[in-house]
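Chemist: Take this structure, written in structure tokens, and hold onto it; I'll ask about it next.
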Amino acid sequence: MNIDISKKVEKMAPSGIRAFFDLVLGMKDVISLGVGEPDFVTPWHIREAAIYSLEQGYTSYTSNKGMPELRKQIGHFLKNRYGMSYDWDEEVLITVGVSEGLDLVMRAILNPGDKVLVPEPAYVSYVPTVELAGGRLVILKTDIRNGFKLTPEQIQRVVSKGVKALMINYPCNPTGASYTKEELLKIAAVVKKHNLLVISDEVYDELTYDFDHTPLSSLKGMKDHVVYFNGFSKAYAMTGFRLGYACGPRKVIAAMTKIHQYTMLCASITAQMAAMEALRHGSNSVQMMKREYKRRRQFIVDALNDIGLDCHLPEGAFYVFPSIKKTGQKSMDFAKDLLKKKKVALVPGIAFGPSCEGHVRISYASSYDSLKEAVIRIRSYLS
Amino acid sequence: MDEILEILSNDARISVEEIAKMTGISKETVRKAIKKYEKDGTIVKYKTVINTDLLEGTKPPVRALIEVSVSPQKNVGFDHIAERMYSFPEVTSCYLVSGAYDLLLVVQGEDLQTVSNFIASKLSPMEHVRSTSTHFLLKKYKEDGQVLKKSVNKRRLNISY
């Protein structure tokens with residue numbers, strides 16, 4: 001039988017990347033710098049809490065929005081950490097990772113043709129979720145010369161009627177770029193002036209190395225303009241638990257909840273129980289992991305520049321996004337060739353948008369020894 | 001703890017250059033700091049952690065925890081008797097503890113017999129010792145923060161967004 005696939009879905013996703021991923025996954029003895037998750041396992045006290053919850057028989061559905069206790073804790077946590085005030089019942093929604101939350105918010109706010117500003121390089125889900133929700137994309141390119149940062153002028157230049165939302169992600173996957181409070185204040189001014197809604201993915205907030213992370217919604221007058229996204233994957237090394245949350249204006253959260261209750265019902269109760277333990281007692285583990293990432297960042301940036309790949313010092317996350325322009329190769333060819341000849345895996349820049357050609361994403365969420373060995377192999381590949 | 005010490009405590013063989021690269025501190029400063037720690041005794045020594053259970057061809061040594069009750073002595077308290085005990089090379093660790101007994105020793109020897117003899121002939125008869133209670137170690141799971149079981153391969157995919 002010939003089944004027609006939805007046109008929207010058919011045009012999604014660059015298949016070349018998938019094929020490359022399959023190539024890497026099928027290969028043995030690869031040193032991988034291509035991983036988008038921590039190399040730490042979830043701290044034991046958090047795993048132990050999850051196991052205990054199972055022993056106690058916590059195996060049911062929870063409220064659609066997530067367990068009240070967890071939402072209350074998130075409310076307290078954000079208040080203490082950043083001075084943000086969210087009503088736990090009406091302004092907080094627990095999602096299955098930030099990824100689900102982003103899909104929900106796009107579907108909740110977009111009418112056909114509404115425009116969303118998306119900075120590039122962009123995390124891989126942003127463009128498809130806007131398109132699936134019927135929105136139109138306006139890509140804002142950033143590059144290595146300004147440290148991959150979006151400027152208020154750039155936003156100013158493209159805002160017009162029909163621009164509904166601005167997507168922002170900091171610290172950024174794949175570039176590691178982040179913004180200081182001063183830089184965010186300038187962006188906030190443009191947002192307020194043009195009455196935009198900001199979809200702010202701040203899942204790497206705890207991994208900010210050179211200054212304190214500032215959530216956009218914590219800035220004066222910004223709470224009504226921002227849907228704030230965060231989760232447990234990166235800070236607490238809990239990627240497999242799939243747990244995130246969205247905080248924002250109650251109208252938006254209510255609309256997101258409507259979709260969430262039919263499509264997801266609720267996040268896993270085991271993950272929610274683990275998350276409560278993470279918020280209660282996880283801060284030491286977060287700091288330990290952060291110190292370790294910071295050391296690796298310093299090492300990898302110096303090492304890459306040393307072997308001739310231009311690499312800026314990112315402010316956060318666990319990625320660097322060096323230029324491979326000197327090699328004259330396309331990012332996909334470079335990645336494939338390096339994999340074949342030296343068994344080092346990384347993600348070609350092209351995965352993060354057409355303007356990212358000439359770059360590769362290197363994750364330093366790998367042991368120091370693997371990073372050292374990988375650098376030796378890349379050096380020998382280049383010469 | 002100072003970051004240089006934190007790094008060294010996990011890998012004593014790491015070079016000054018590498019510590020400098022990781023921390024962004026200059027090589028000269030790192031070298032000076034390590035010298036200072038070595039000189040003032042903060043860094044006592046550099047050791048290797050060996051899992052003796054895996055040694056081939058040799059029997060792993062036998063170890064025992066020994067709880068010792070002693071009568072403290074005038075002026076010197078427990079220090080004097082502790083010193084008499086820890087001066088034996090067989091005693092690999094010695095702690096003064098609170099609770100039902102006073103000193104906790106770790107004693108190591110080639111085999112059960114050697115350790116038992118040492119306790120019976122040297123420790124128990126020592127003056128001021130009221131009693132000892134010996135626990136032979138049967139299996140080592142974790143030592144000094146190090147889990148001794150070979151860690152299972154991480155289940156992380158080799159590539160992901």
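Scheme for the structure tokens: letters A, B, ... for chains in order shown; per-chain residue numbers from 1; ligand numbers from 1 in order shown.
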Each residue of chain A with at least one atom at most 6 Å from chain B should appear once, together with its nearest atom pair and the corresponding distance in Å (one decimal); atoms considered: only C-alpha atoms; ordering: chain, then increasing residue number; output as CSV.
Modeler:
```
residue,atom,partner,partner_atom,distance
A:Ser32,CA,B:Asn158,CA,5.7
A:Gly34,CA,B:Ile159,CA,4.7
A:Val35,CA,B:Ile159,CA,4.6
A:Gly36,CA,B:Tyr161,CA,4.7
A:Arg295,CA,B:Met22,CA,4.3
A:Gln298,CA,B:Met22,CA,5.4
A:Phe299,CA,B:Met22,CA,5.0
```
Chemist: Using N, CA and C atoms, can you export the residues from the last selection as a PDB file, in the first residue's frame?
Modeler:
```pdb
ATOM      1  N   SER A  32      34.554   9.563  20.968  1.00  0.00           N
ATOM      2  CA  SER A  32      33.465  10.424  20.562  1.00  0.00           C
ATOM      3  C   SER A  32      33.491  11.779  21.244  1.00  0.00           C
ATOM      4  N   GLY A  34      31.106  13.700  20.074  1.00  0.00           N
ATOM      5  CA  GLY A  34      29.838  14.033  19.427  1.00  0.00           C
ATOM      6  C   GLY A  34      28.639  13.883  20.332  1.00  0.00           C
ATOM      7  N   VAL A  35      28.896  13.802  21.639  1.00  0.00           N
ATOM      8  CA  VAL A  35      27.795  13.452  22.520  1.00  0.00           C
ATOM      9  C   VAL A  35      27.171  14.682  23.171  1.00  0.00           C
ATOM     10  N   GLY A  36      25.854  14.768  23.093  1.00  0.00           N
ATOM     11  CA  GLY A  36      25.162  15.927  23.654  1.00  0.00           C
ATOM     12  C   GLY A  36      24.614  15.680  25.036  1.00  0.00           C
ATOM     13  N   ARG A 295      37.485  22.904  33.552  1.00  0.00           N
ATOM     14  CA  ARG A 295      38.873  22.513  33.262  1.00  0.00           C
ATOM     15  C   ARG A 295      39.003  21.971  31.851  1.00  0.00           C
ATOM     16  N   GLN A 298      38.843  24.762  29.184  1.00  0.00           N
ATOM     17  CA  GLN A 298      40.104  25.470  29.036  1.00  0.00           C
ATOM     18  C   GLN A 298      41.074  24.643  28.190  1.00  0.00           C
ATOM     19  N   PHE A 299      41.140  23.368  28.500  1.00  0.00           N
ATOM     20  CA  PHE A 299      42.061  22.486  27.792  1.00  0.00           C
ATOM     21  C   PHE A 299      41.712  22.391  26.306  1.00  0.00           C
TER      22      PHE A 299
END
```
Chemist: Tell me which protein, DNA and RNA residues are within 12 Å of segment 66-77 of chain A, counting only C-alpha atoms, leaving out same-chain ones fewer than 4 positions away, and put them as a PDB file with N, CA and C atoms, in the first residue's frame.
Modeler:
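That gives us result26.pdb:
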```pdb
ATOM      1  N   TYR A  58       5.375   4.083  44.026  1.00  0.00           N
ATOM      2  CA  TYR A  58       5.007   5.266  43.231  1.00  0.00           C
ATOM      3  C   TYR A  58       5.105   4.918  41.744  1.00  0.00           C
ATOM      4  N   SER A  60       2.174   5.457  39.563  1.00  0.00           N
ATOM      5  CA  SER A  60       0.920   5.886  38.932  1.00  0.00           C
ATOM      6  C   SER A  60       1.119   7.099  38.020  1.00  0.00           C
ATOM      7  N   TYR A  61       0.030   7.544  37.407  1.00  0.00           N
ATOM      8  CA  TYR A  61       0.040   8.850  36.738  1.00  0.00           C
ATOM      9  C   TYR A  61       0.193   9.917  37.803  1.00  0.00           C
ATOM     10  N   THR A  62       0.566  11.102  37.369  1.00  0.00           N
ATOM     11  CA  THR A  62       0.501  12.242  38.294  1.00  0.00           C
ATOM     12  C   THR A  62      -0.471  13.242  37.683  1.00  0.00           C
ATOM     13  N   ARG A  81      17.185  31.005  43.731  1.00  0.00           N
ATOM     14  CA  ARG A  81      18.325  31.025  42.840  1.00  0.00           C
ATOM     15  C   ARG A  81      18.380  32.325  42.050  1.00  0.00           C
ATOM     16  N   TYR A  82      17.243  32.753  41.514  1.00  0.00           N
ATOM     17  CA  TYR A  82      17.241  33.881  40.584  1.00  0.00           C
ATOM     18  C   TYR A  82      16.276  35.013  40.969  1.00  0.00           C
ATOM     19  N   GLY A  83      15.555  34.846  42.075  1.00  0.00           N
ATOM     20  CA  GLY A  83      14.593  35.866  42.469  1.00  0.00           C
ATOM     21  C   GLY A  83      13.366  35.928  41.570  1.00  0.00           C
ATOM     22  N   MET A  84      13.078  34.843  40.850  1.00  0.00           N
ATOM     23  CA  MET A  84      11.895  34.842  39.983  1.00  0.00           C
ATOM     24  C   MET A  84      10.690  34.370  40.793  1.00  0.00           C
ATOM     25  N   SER A  85       9.530  34.960  40.535  1.00  0.00           N
ATOM     26  CA  SER A  85       8.329  34.546  41.260  1.00  0.00           C
ATOM     27  C   SER A  85       7.324  33.933  40.307  1.00  0.00           C
ATOM     28  N   TYR A  86       7.174  32.629  40.406  1.00  0.00           N
ATOM     29  CA  TYR A  86       6.160  31.944  39.601  1.00  0.00           C
ATOM     30  C   TYR A  86       5.177  31.247  40.512  1.00  0.00           C
ATOM     31  N   ASP A  87       3.893  31.382  40.172  1.00  0.00           N
ATOM     32  CA  ASP A  87       2.874  30.659  40.907  1.00  0.00           C
ATOM     33  C   ASP A  87       2.973  29.192  40.533  1.00  0.00           C
ATOM     34  N   TRP A  88       3.234  28.348  41.543  1.00  0.00           N
ATOM     35  CA  TRP A  88       3.537  26.951  41.236  1.00  0.00           C
ATOM     36  C   TRP A  88       2.382  26.235  40.543  1.00  0.00           C
ATOM     37  N   ASP A  89       1.170  26.679  40.813  1.00  0.00           N
ATOM     38  CA  ASP A  89       0.035  25.939  40.270  1.00  0.00           C
ATOM     39  C   ASP A  89      -0.346  26.400  38.867  1.00  0.00           C
ATOM     40  N   GLU A  90      -0.211  27.661  38.602  1.00  0.00           N
ATOM     41  CA  GLU A  90      -0.722  28.156  37.322  1.00  0.00           C
ATOM     42  C   GLU A  90       0.357  28.602  36.347  1.00  0.00           C
ATOM     43  N   GLU A  91       1.580  28.697  36.839  1.00  0.00           N
ATOM     44  CA  GLU A  91       2.627  29.208  35.959  1.00  0.00           C
ATOM     45  C   GLU A  91       3.790  28.232  35.772  1.00  0.00           C
ATOM     46  N   VAL A  92       3.614  27.005  36.232  1.00  0.00           N
ATOM     47  CA  VAL A  92       4.680  26.001  36.088  1.00  0.00           C
ATOM     48  C   VAL A  92       4.084  24.726  35.489  1.00  0.00           C
ATOM     49  N   LEU A  93       4.745  24.192  34.472  1.00  0.00           N
ATOM     50  CA  LEU A  93       4.302  22.934  33.864  1.00  0.00           C
ATOM     51  C   LEU A  93       5.491  21.987  33.752  1.00  0.00           C
ATOM     52  N   ILE A  94       5.319  20.759  34.256  1.00  0.00           N
ATOM     53  CA  ILE A  94       6.390  19.756  34.155  1.00  0.00           C
ATOM     54  C   ILE A  94       6.243  19.032  32.815  1.00  0.00           C
ATOM     55  N   THR A  95       7.336  18.976  32.069  1.00  0.00           N
ATOM     56  CA  THR A  95       7.289  18.365  30.735  1.00  0.00           C
ATOM     57  C   THR A  95       8.281  17.205  30.623  1.00  0.00           C
ATOM     58  N   VAL A  96       8.138  16.455  29.568  1.00  0.00           N
ATOM     59  CA  VAL A  96       9.073  15.362  29.310  1.00  0.00           C
ATOM     60  C   VAL A  96      10.291  15.956  28.585  1.00  0.00           C
ATOM     61  N   PHE A 229      12.351  27.985  29.994  1.00  0.00           N
ATOM     62  CA  PHE A 229      12.467  26.521  29.943  1.00  0.00           C
ATOM     63  C   PHE A 229      13.732  26.067  30.639  1.00  0.00           C
ATOM     64  N   ASN A 230      13.583  25.059  31.465  1.00  0.00           N
ATOM     65  CA  ASN A 230      14.762  24.456  32.073  1.00  0.00           C
ATOM     66  C   ASN A 230      14.458  22.986  32.345  1.00  0.00           C
ATOM     67  N   GLY A 231      15.470  22.248  32.764  1.00  0.00           N
ATOM     68  CA  GLY A 231      15.255  20.828  32.998  1.00  0.00           C
ATOM     69  C   GLY A 231      16.360  20.258  33.837  1.00  0.00           C
ATOM     70  N   PHE A 232      16.326  18.964  34.031  1.00  0.00           N
ATOM     71  CA  PHE A 232      17.252  18.304  34.950  1.00  0.00           C
ATOM     72  C   PHE A 232      18.398  17.595  34.231  1.00  0.00           C
ATOM     73  N   LEU A 243      13.166  14.902  31.907  1.00  0.00           N
ATOM     74  CA  LEU A 243      12.332  15.780  32.717  1.00  0.00           C
ATOM     75  C   LEU A 243      12.735  17.243  32.596  1.00  0.00           C
ATOM     76  N   GLY A 244      11.748  18.059  32.249  1.00  0.00           N
ATOM     77  CA  GLY A 244      11.979  19.486  32.145  1.00  0.00           C
ATOM     78  C   GLY A 244      10.788  20.245  32.686  1.00  0.00           C
ATOM     79  N   TYR A 245      10.873  21.569  32.636  1.00  0.00           N
ATOM     80  CA  TYR A 245       9.720  22.360  33.052  1.00  0.00           C
ATOM     81  C   TYR A 245       9.673  23.676  32.302  1.00  0.00           C
ATOM     82  N   ALA A 246       8.451  24.205  32.216  1.00  0.00           N
ATOM     83  CA  ALA A 246       8.239  25.491  31.569  1.00  0.00           C
ATOM     84  C   ALA A 246       7.564  26.403  32.574  1.00  0.00           C
ATOM     85  N   CYS A 247       8.017  27.660  32.640  1.00  0.00           N
ATOM     86  CA  CYS A 247       7.382  28.642  33.504  1.00  0.00           C
ATOM     87  C   CYS A 247       7.052  29.856  32.648  1.00  0.00           C
ATOM     88  N   GLY A 248       5.860  30.380  32.793  1.00  0.00           N
ATOM     89  CA  GLY A 248       5.528  31.534  31.972  1.00  0.00           C
ATOM     90  C   GLY A 248       4.167  32.096  32.315  1.00  0.00           C
ATOM     91  N   THR A 257      -0.661  23.274  28.641  1.00  0.00           N
ATOM     92  CA  THR A 257      -1.176  22.150  29.444  1.00  0.00           C
ATOM     93  C   THR A 257      -2.288  21.410  28.701  1.00  0.00           C
ATOM     94  N   HIS A 260      -0.532  19.166  26.292  1.00  0.00           N
ATOM     95  CA  HIS A 260       0.231  18.189  27.067  1.00  0.00           C
ATOM     96  C   HIS A 260      -0.689  17.095  27.651  1.00  0.00           C
ATOM     97  N   GLN A 261      -1.868  17.496  28.142  1.00  0.00           N
ATOM     98  CA  GLN A 261      -2.743  16.503  28.795  1.00  0.00           C
ATOM     99  C   GLN A 261      -3.256  15.460  27.811  1.00  0.00           C
ATOM    100  N   MET A 264       0.673  13.811  26.116  1.00  0.00           N
ATOM    101  CA  MET A 264       1.684  13.209  26.986  1.00  0.00           C
ATOM    102  C   MET A 264       1.078  12.701  28.286  1.00  0.00           C
ATOM    103  N   LEU A 265      -0.037  13.307  28.661  1.00  0.00           N
ATOM    104  CA  LEU A 265      -0.700  13.018  29.929  1.00  0.00           C
ATOM    105  C   LEU A 265       0.092  13.561  31.117  1.00  0.00           C
ATOM    106  N   CYS A 266       1.251  12.986  31.366  1.00  0.00           N
ATOM    107  CA  CYS A 266       2.103  13.561  32.404  1.00  0.00           C
ATOM    108  C   CYS A 266       3.501  12.988  32.237  1.00  0.00           C
ATOM    109  N   ALA A 267       4.474  13.641  32.885  1.00  0.00           N
ATOM    110  CA  ALA A 267       5.839  13.092  32.879  1.00  0.00           C
ATOM    111  C   ALA A 267       5.893  11.904  33.833  1.00  0.00           C
ATOM    112  N   SER A 268       6.893  11.061  33.655  1.00  0.00           N
ATOM    113  CA  SER A 268       7.008   9.847  34.473  1.00  0.00           C
ATOM    114  C   SER A 268       7.142  10.200  35.955  1.00  0.00           C
ATOM    115  N   ILE A 269       6.419   9.467  36.779  1.00  0.00           N
ATOM    116  CA  ILE A 269       6.437   9.756  38.225  1.00  0.00           C
ATOM    117  C   ILE A 269       7.812   9.454  38.827  1.00  0.00           C
ATOM    118  N   THR A 270       8.495   8.443  38.291  1.00  0.00           N
ATOM    119  CA  THR A 270       9.837   8.105  38.805  1.00  0.00           C
ATOM    120  C   THR A 270      10.781   9.284  38.580  1.00  0.00           C
ATOM    121  N   ALA A 271      10.703   9.849  37.378  1.00  0.00           N
ATOM    122  CA  ALA A 271      11.555  10.995  37.069  1.00  0.00           C
ATOM    123  C   ALA A 271      11.210  12.180  37.964  1.00  0.00           C
ATOM    124  N   GLN A 272       9.934  12.362  38.240  1.00  0.00           N
ATOM    125  CA  GLN A 272       9.535  13.492  39.088  1.00  0.00           C
ATOM    126  C   GLN A 272      10.028  13.298  40.527  1.00  0.00           C
ATOM    127  N   MET A 273       9.966  12.079  41.007  1.00  0.00           N
ATOM    128  CA  MET A 273      10.471  11.801  42.358  1.00  0.00           C
ATOM    129  C   MET A 273      11.991  12.043  42.417  1.00  0.00           C
ATOM    130  N   ALA A 274      12.686  11.619  41.366  1.00  0.00           N
ATOM    131  CA  ALA A 274      14.139  11.823  41.314  1.00  0.00           C
ATOM    132  C   ALA A 274      14.457  13.319  41.272  1.00  0.00           C
ATOM    133  N   ALA A 275      13.653  14.062  40.526  1.00  0.00           N
ATOM    134  CA  ALA A 275      13.896  15.500  40.378  1.00  0.00           C
ATOM    135  C   ALA A 275      13.752  16.223  41.718  1.00  0.00           C
ATOM    136  N   MET A 276      12.802  15.768  42.537  1.00  0.00           N
ATOM    137  CA  MET A 276      12.634  16.412  43.845  1.00  0.00           C
ATOM    138  C   MET A 276      13.894  16.237  44.692  1.00  0.00           C
ATOM    139  N   GLU A 277      14.471  15.045  44.635  1.00  0.00           N
ATOM    140  CA  GLU A 277      15.715  14.799  45.364  1.00  0.00           C
ATOM    141  C   GLU A 277      16.837  15.681  44.802  1.00  0.00           C
ATOM    142  N   ALA A 278      16.881  15.811  43.476  1.00  0.00           N
ATOM    143  CA  ALA A 278      17.919  16.636  42.849  1.00  0.00           C
ATOM    144  C   ALA A 278      17.825  18.078  43.355  1.00  0.00           C
ATOM    145  N   LEU A 279      16.611  18.610  43.416  1.00  0.00           N
ATOM    146  CA  LEU A 279      16.458  19.994  43.870  1.00  0.00           C
ATOM    147  C   LEU A 279      16.792  20.138  45.358  1.00  0.00           C
ATOM    148  N   ARG A 280      16.433  19.113  46.118  1.00  0.00           N
ATOM    149  CA  ARG A 280      16.700  19.193  47.565  1.00  0.00           C
ATOM    150  C   ARG A 280      18.185  19.100  47.878  1.00  0.00           C
ATOM    151  N   HIS A 281      18.873  18.145  47.271  1.00  0.00           N
ATOM    152  CA  HIS A 281      20.254  17.868  47.717  1.00  0.00           C
ATOM    153  C   HIS A 281      21.295  17.832  46.602  1.00  0.00           C
ATOM    154  N   GLY A 282      20.955  18.338  45.427  1.00  0.00           N
ATOM    155  CA  GLY A 282      21.848  18.126  44.291  1.00  0.00           C
ATOM    156  C   GLY A 282      22.914  19.178  44.055  1.00  0.00           C
ATOM    157  N   SER A 283      22.893  20.277  44.833  1.00  0.00           N
ATOM    158  CA  SER A 283      23.744  21.396  44.424  1.00  0.00           C
ATOM    159  C   SER A 283      25.237  21.072  44.480  1.00  0.00           C
TER     160      SER A 283
END
```
Chemist: Measure the distance from atom CA of Glu37 of chain A to atom CA of Ala365 of chain A in Å and round it to one decimal.
Modeler: 6.9 Å
Chemist: Would you mind listing what lies within 10 Å of Ser133 of chain B as a list in words, with only C-alpha atoms counted and same-chain residues fewer than 6 positions away left out?
Modeler: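 Returned residues: Ala64, Leu65, Ile66, Glu67, Val68, Ser69, Tyr101, Leu104, Ile119 and Ser124 of chain B.
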Chemist: Let's see if you can do this: from backbone DSSP, list all strand (DSSP E) residues in segment 14-127 of chain A, as JSON, numbers by chain.
Modeler: {"A": [31, 32, 92, 93, 94, 95, 115, 116, 117, 118, 119, 120]}
Chemist: Since we have the selection now, will you write its residues out, keeping C-alpha atoms, as a short mmCIF file (atom, residue, chain, number, x, y, z; two decimals), in the first residue's frame?
Modeler:
```cif
data_model
loop_
_atom_site.label_atom_id
_atom_site.label_comp_id
_atom_site.auth_asym_id
_atom_site.auth_seq_id
_atom_site.Cartn_x
_atom_site.Cartn_y
_atom_site.Cartn_z
CA ILE A 31 36.59 8.38 20.50
CA SER A 32 33.47 10.42 20.56
CA VAL A 92 4.68 26.00 36.09
CA LEU A 93 4.30 22.93 33.86
CA ILE A 94 6.39 19.76 34.16
CA THR A 95 7.29 18.36 30.73
CA LYS A 115 6.82 34.42 12.43
CA VAL A 116 9.36 33.18 14.94
CA LEU A 117 12.88 34.59 15.10
CA VAL A 118 15.40 31.79 15.52
CA PRO A 119 19.12 32.51 15.93
CA GLU A 120 21.48 30.23 14.04
#
```
Chemist: Quick one: residues within 8 Å of Ala235 of chain A, only C-alpha atoms counted, chain neighbours fewer than 5 positions away excluded, as a PDB file with N, CA and C atoms, in the first residue's frame?
Modeler:
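What ended up in result38.pdb:
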```pdb
ATOM      1  N   VAL A 203      18.429  25.527  29.506  1.00  0.00           N
ATOM      2  CA  VAL A 203      18.691  24.234  30.144  1.00  0.00           C
ATOM      3  C   VAL A 203      20.159  24.064  30.578  1.00  0.00           C
ATOM      4  N   TYR A 204      21.045  24.853  29.988  1.00  0.00           N
ATOM      5  CA  TYR A 204      22.462  24.767  30.391  1.00  0.00           C
ATOM      6  C   TYR A 204      22.840  25.839  31.422  1.00  0.00           C
ATOM      7  N   ASP A 205      21.839  26.464  32.061  1.00  0.00           N
ATOM      8  CA  ASP A 205      22.139  27.613  32.930  1.00  0.00           C
ATOM      9  C   ASP A 205      23.204  27.337  33.989  1.00  0.00           C
ATOM     10  N   GLU A 206      23.156  26.132  34.585  1.00  0.00           N
ATOM     11  CA  GLU A 206      24.106  25.842  35.672  1.00  0.00           C
ATOM     12  C   GLU A 206      25.538  25.712  35.150  1.00  0.00           C
ATOM     13  N   LEU A 207      25.680  25.493  33.860  1.00  0.00           N
ATOM     14  CA  LEU A 207      27.023  25.356  33.296  1.00  0.00           C
ATOM     15  C   LEU A 207      27.446  26.662  32.625  1.00  0.00           C
ATOM     16  N   VAL A 286      26.220  19.316  41.300  1.00  0.00           N
ATOM     17  CA  VAL A 286      26.246  20.267  40.183  1.00  0.00           C
ATOM     18  C   VAL A 286      27.578  21.019  40.171  1.00  0.00           C
TER      19      VAL A 286
END
```
Chemist: From the DSSP assignment of the backbone, select every residue of segment 19-52 of chain B that is alpha helix (DSSP H), and format the answer as a VMD selection string.
Modeler: chain B and resid 19 to 23 27 to 40
Chemist: Residues of the last selection are to be written out with C-alpha atoms, as an mmCIF file, in the first residue's frame.
Modeler:
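Written file, part.cif:
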```
data_model
loop_
_atom_site.group_PDB
_atom_site.id
_atom_site.type_symbol
_atom_site.label_atom_id
_atom_site.label_comp_id
_atom_site.auth_asym_id
_atom_site.auth_seq_id
_atom_site.Cartn_x
_atom_site.Cartn_y
_atom_site.Cartn_z
ATOM 1 C CA ILE B 19 47.323 21.375 35.218
ATOM 2 C CA ALA B 20 48.203 24.758 33.757
ATOM 3 C CA LYS B 21 46.132 24.033 30.657
ATOM 4 C CA MET B 22 43.142 22.845 32.640
ATOM 5 C CA THR B 23 43.059 25.704 35.084
ATOM 6 C CA LYS B 27 52.940 26.840 34.495
ATOM 7 C CA GLU B 28 55.284 28.769 36.744
ATOM 8 C CA THR B 29 52.558 29.458 39.313
ATOM 9 C CA VAL B 30 51.442 25.823 39.294
ATOM 10 C CA ARG B 31 55.022 24.613 39.754
ATOM 11 C CA LYS B 32 55.574 27.011 42.650
ATOM 12 C CA ALA B 33 52.326 26.030 44.348
ATOM 13 C CA ILE B 34 53.170 22.311 44.152
ATOM 14 C CA LYS B 35 56.689 22.966 45.509
ATOM 15 C CA LYS B 36 55.207 24.856 48.418
ATOM 16 C CA TYR B 37 52.702 22.087 49.202
ATOM 17 C CA GLU B 38 55.456 19.480 49.067
ATOM 18 C CA LYS B 39 57.681 21.527 51.315
ATOM 19 C CA ASP B 40 55.128 22.376 53.991
#
```
Chemist: Could you list, as JSON, numbers by chain, every residue within 10 Å of Thr92 of chain B, counting only C-alpha atoms and ignoring same-chain residues fewer than 2 positions away?
Modeler: {"B": [63, 86, 87, 88, 89, 90, 94, 105, 106, 107, 108, 109]}
Chemist: Go ahead and write the residues just picked, N, CA and C atoms, as a compact mmCIF listing (two decimals), in the first residue's frame.
Modeler:
```
# COMPACT_ATOMS: atom_id res chain seq x y z
N ARG B 63 44.07 -8.52 55.65
CA ARG B 63 43.97 -7.33 56.50
C ARG B 63 42.89 -7.49 57.55
N TYR B 86 51.36 2.23 66.21
CA TYR B 86 51.50 2.53 64.78
C TYR B 86 52.95 2.46 64.29
N SER B 87 53.89 2.38 65.20
CA SER B 87 55.28 2.25 64.78
C SER B 87 55.59 0.89 64.17
N PHE B 88 54.75 -0.10 64.47
CA PHE B 88 54.90 -1.40 63.79
C PHE B 88 54.52 -1.24 62.32
N PRO B 89 55.36 -1.68 61.40
CA PRO B 89 54.99 -1.56 59.99
C PRO B 89 53.74 -2.35 59.63
N GLU B 90 53.42 -3.36 60.44
CA GLU B 90 52.21 -4.15 60.18
C GLU B 90 50.94 -3.31 60.31
N CYS B 94 45.95 3.94 61.82
CA CYS B 94 45.68 3.98 63.25
C CYS B 94 44.87 5.24 63.56
N LEU B 105 42.68 0.13 64.53
CA LEU B 105 43.88 -0.12 63.73
C LEU B 105 43.53 -0.93 62.49
N VAL B 106 44.29 -0.70 61.44
CA VAL B 106 44.24 -1.61 60.30
C VAL B 106 45.59 -2.31 60.28
N VAL B 107 45.54 -3.64 60.33
CA VAL B 107 46.78 -4.41 60.35
C VAL B 107 46.84 -5.27 59.10
N GLN B 108 48.00 -5.32 58.49
CA GLN B 108 48.14 -6.09 57.26
C GLN B 108 49.27 -7.09 57.35
N GLY B 109 49.06 -8.27 56.81
CA GLY B 109 50.11 -9.29 56.80
C GLY B 109 49.92 -10.25 55.64
```
Chemist: Using only C-alpha atoms for the distances, tell me which of B:Gln113, B:Ser9, B:Ser71, B:Ser26 is nearest to Thr48 of chain B.
Modeler: B:Ser9
Chemist: Given only C-alpha atoms as the basis, pick out the residue of B:Glu83, B:Asp53, B:Asp11, B:Asp102 nearest to Leu138 of chain B.
Modeler: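 Looking only at the distances to Leu138 of chain B, the closest residue turns out to be B:Asp53.
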Chemist: Which one is closest to Arg297 of chain A: A:Gly240, A:Gly113, A:Pro152, A:Gly176? Count only C-alpha atoms.
Modeler: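 Smallest distance to Arg297 of chain A is found for A:Gly176.
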